[in-house]
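Worksheet for the structure shown next.
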Amino acid sequence: MSNINHIFWKTSILLFFIFLFGFQASARKQRVLVLHSYHQGLNWTDNVSAGIQSVLGSEDNVELMFEYMDTKRNSNPEYLQEFAKLYGLKHLKNKFEAIIVSDNNALDFVRKYYSEFFKATPIIFCSIDKFSDNLIEGIAHVSGVTEEIDSQKTIEVALGLHPKATKLVVINDNQTQSAILNRNNIKSFWPNLKTDVELVFIENLLIDELVDQVKNLDPNSIIYLINFSRDKEGNFISYKENIEIIRKATKLPIYSSWEFYFNEGIVGGMLTSGYKEGELAAKIALQVLNGKEINEIPIVRSGYNSFKFDFEQMKRFGILPKQLPKGSIIRNQPPPIVPQYQTSLFVIIIFGLIIAIILRYSKLKREQNEEKLIQENEELDRRVANRTKEVVFANEKLELQTEQIIKQNKELEDHRYNLLELVKIRTENLEEANLELKSSRNRLLRMLDANSDGVWEHNFANDQTYISKIIWDKLGYESVTISNTKDLLCKLIHPEDLIIIKQKHRQNKLGYSALFIVEFRIFTKNKDWMWFKAKGLILDYDASDKPLNIVGTLTNITQRKEAEKKIRSEEQKLRVSEKRWRSLIEQASDGILIYNTDGNILDANSAACNWLGYSTDEILSLNYSEIDSRHSSSELHNYWRKLNASNPSLTFESVQKRKNGSSFPVEIHLSLIELQDSKLILSLVNDISLRQETERKILNAVINTEESERKRFATDLHDSIGPLLSSINLYLSSLDKFDSEEEKGNIIKASVDAVNEALVSIKEISNNLSPHILNDFGLDKAIRSFTNKINLSQTISISFYAENMEERINQQVEVVIFRVVSELINNTIKHAQATNIEINLSREGNLVSLIYIDNGIGFDAKAINAGTSTGMGLYNVFSRIRSLNGSHKIKSHPKRGGMMAVVEINL
């Protein structure tokens, strides 16, 4: 029995501790980590966070934690490795019931470190651009929300709202894989739109270059802003900053597919909402926290895009709400006219009621007067009847009084007539008063209509101020009464303007001036300043000539003030531009000369004076023909006469003569400057001594390269084919020395093997000279085959993308581009220590473009771009590009690392 009791007590204690630990576990909040790819403060990131908090922030048993990778500003491999170490230090021991990852970089981080940090934890992704199953490969428990911006619907709506548009200008930084994919997406569906509008891309620019191109856009253009968060040098630009830059540079309509540009100057479009994507991801996380298996929750691929438009921008471009797609959301749309003018309508109705009461009172008064007159007439008739009766009964006694009675009767008639005339006059006066009252009412209505901005009044006796409700509506304030108007105005009016208003008010109150005219600023509910002009006049005075009240109007002059500010800014820019132009002329390394059509030099910069050895005064006294030693005066005039409106510039080579008698070769660019009363010629002179020397170096390099190839070919033939042919000769010569068929068969077999080996060697030598895949299948297949072979080594990852390369191009151009790619890859493998290479090859019309990017160590690219690099490989390759009238540009940063080469060849 004691043994049974002992077991009972042990079981009870065990159950108690199990219950205690289970209660503590159930009491602990469920923790959810939100891992953002970008930094806090970025519009997109903050919107996603707000959407997540709208769902999970109200859950009492959920604890949200946020982590920011900041890859918009820091994306190099070293930083990501350090971030992984920091994450391990902070969260390795933290248990999360779910992890929400925002944007592609965070998902890549989770996939890379899944087994180390995130194994068995449910992963919910959102804002994943160009989602595919390989992005979540290796993650066991995962679901989420994709991100597909709908550029096609936005562009279709923009073209429909602007039927006169001739160009659609797409602004895109083109610095990331996502940017390239967005660009290719637009080009893929553009032919399906069947429009005559020209598609133009602005990308790979510095900020100043972007501003210049946007300023010079055709006025019949539409702008579609994808993203410009990084310029071509890799500098980060926030979303708010890039839309402000573009908005200030142009007045053209701007459309986009991102909600963080909304209310920042775009008209609208099919906008992707970061808030909505965060909300959808949080709802999936809530299902997981409530016990649902995450792999049973389908991936959300819609529900975060919607048509949204800004009413203020719609007004700018004459767009009506009925033109928008059904279900569109319109922001900043003003309320209907009845609520907007409610105060004015109320005043008019009250005024009409007062007039109706006055008219009714006048009618009642007139009826009372007429009734009184009738009563007086009846009384008069009664008195006359009594008097007549007395006369009849006392005829004899009153005969002497008959005339007097007749006279009195006449007077009574006259009195009655006068009463009738008096009533008539009073009635006419009342009608005139009614007409005057109606006229005053009409004047008041016209005054209210003419002063639609608003009316104000100040009472000096009780020191109270009244301002029309329409003014408060414009400022964004509600529930403003007469009692608190003055105090509120003192808080909202700009302190500098408030001093002036108080001075004017004091002058009016003391009677020094009857007028009140002031321009001042008021702080709006939207936290900006709005300009108003107040005009007022004192209307009433008391017995001692002290003013009683002042009435006036308020006019919104914000647009006028902004226009004046803009004019001052434009004048300042004009002065700065003139100074900058002169500075650029003086700082230009090329010589610049300006002369008239007779050749008399009118202006010259310092470079031209230094090259020619003249002072400024000396060169201005010369004729251009005196410094040109190759052309006669008549030949120069023939060049000048060729310049006209249809041919405003031309280029030729010449030789110029210095003051000391020496000469040097130049390339001259002539441009026509047409003034109102004359024509001038601008001559841009470039010393081409170095270029001619470079061309000689290029020719020598080509000759040396060809000679080296010949030597290498001869060596390959001598070292590989020669011994094999000698072996074959030896085998065949010894054939007669053997009698048995078996021995002869062995000799013949050895000879055949040697011949096959020689054929293989010849094939290898031929393939090195010109790859057979390039000759047979074209540039796309040759580069793809070459990069696939290198990828097999798994020492470096090469991504190759080709666009519009289905048709073969000039064989010489194919060979040059293939050699450029192979030489760049060779340099990256040898020197860059890179792990990734991205190659983009495309063709637009007659322009073939190659973009080569690696993530290796940086270097100073100035020497290679200038053609002074000592590396013969790249030097020879770029020499071939220049021989095809092509261009090349290499960018790299010694500290930030990475390299980008851009090659363009015009077919």
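Labels for the structure tokens follow display order: chains A, B, ..., residues from 1 in each chain, ligands from 1.
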* **Members of region 455-563 of chain A assigned strand (DSSP E) by DSSP, as an MDAnalysis selection string** => chainID A and resid 455:459 464:467 515:523 529:541 547:556
* Distance query Gln811 (chain A) at most 9 Å, only C-alpha atoms, self and fewer than 5 positions along chain excluded, as number ranges by chain -> A: 774-775, 778-779, 816
* Asked: Using only C-alpha atoms, which residues sit within 10 Å of region 145-156 of chain A once same-chain residues fewer than 3 positions away are excluded, as a PyMOL selection string?
  -> chain A and resi 102-103+124-132+159-161+168+182-183+185-186+189-190+192-193+195+222-224+226+255-258+268-274+277-282+284+298-307
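Non-sequential neighbours of Gln464 (chain A) (distance at most 9 Å, separation of 3 or more positions within a chain, only C-alpha atoms) are Glu457, His458, Asn459, Phe460, Ala461, Ile482, Ser483, Asn484, Thr485 and Lys486 of chain A.
Note that the spacing between CA of Thr787 (chain A) and CA of Asn134 (chain A) amounts to 21.3 Å.
Interatomic distance, CA of Ile798 (chain A) to CA of Glu838 (chain A): 5.9 Å.
Taking CA of Val666 (chain A) and CA of Leu612 (chain A) as endpoints, the distance between them is 11.8 Å.
Taking only C-alpha atoms into account, Ile171 (chain A) lies nearest to A:Ile246 out of the set A:Ile246, A:Leu675, A:Ala50, A:Ile123.
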* Choose the residue, out of A:Leu422, A:Leu841, A:Leu824, A:Leu320, that has the smallest atom-to-atom separation from Glu806 (chain A); count only C-alpha atoms. => A:Leu841
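Using only C-alpha atoms, the nearest neighbour of Ile522 (chain A) within the list A:Leu602, A:Ala607, A:Val551, A:Leu475 is A:Leu475.
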* Asked: Taking only C-alpha atoms into account, which of A:Val877, A:Ile350, A:Ala604, A:Ala832 comes nearest Gly897 (chain A)?
  -> A:Ala832
* Structure fact -> In terms of only C-alpha atoms, the residue from A:Lys90, A:Arg880, A:Lys194, A:Arg896 at minimal distance from Ile817 (chain A) is A:Arg880
* **Nearby residues (only C-alpha atoms) at most 7 Å from Ile139 (chain A), same-chain spacing under 3 positions excluded, as a PyMOL selection string** => chain A and resi 111+114+136+142
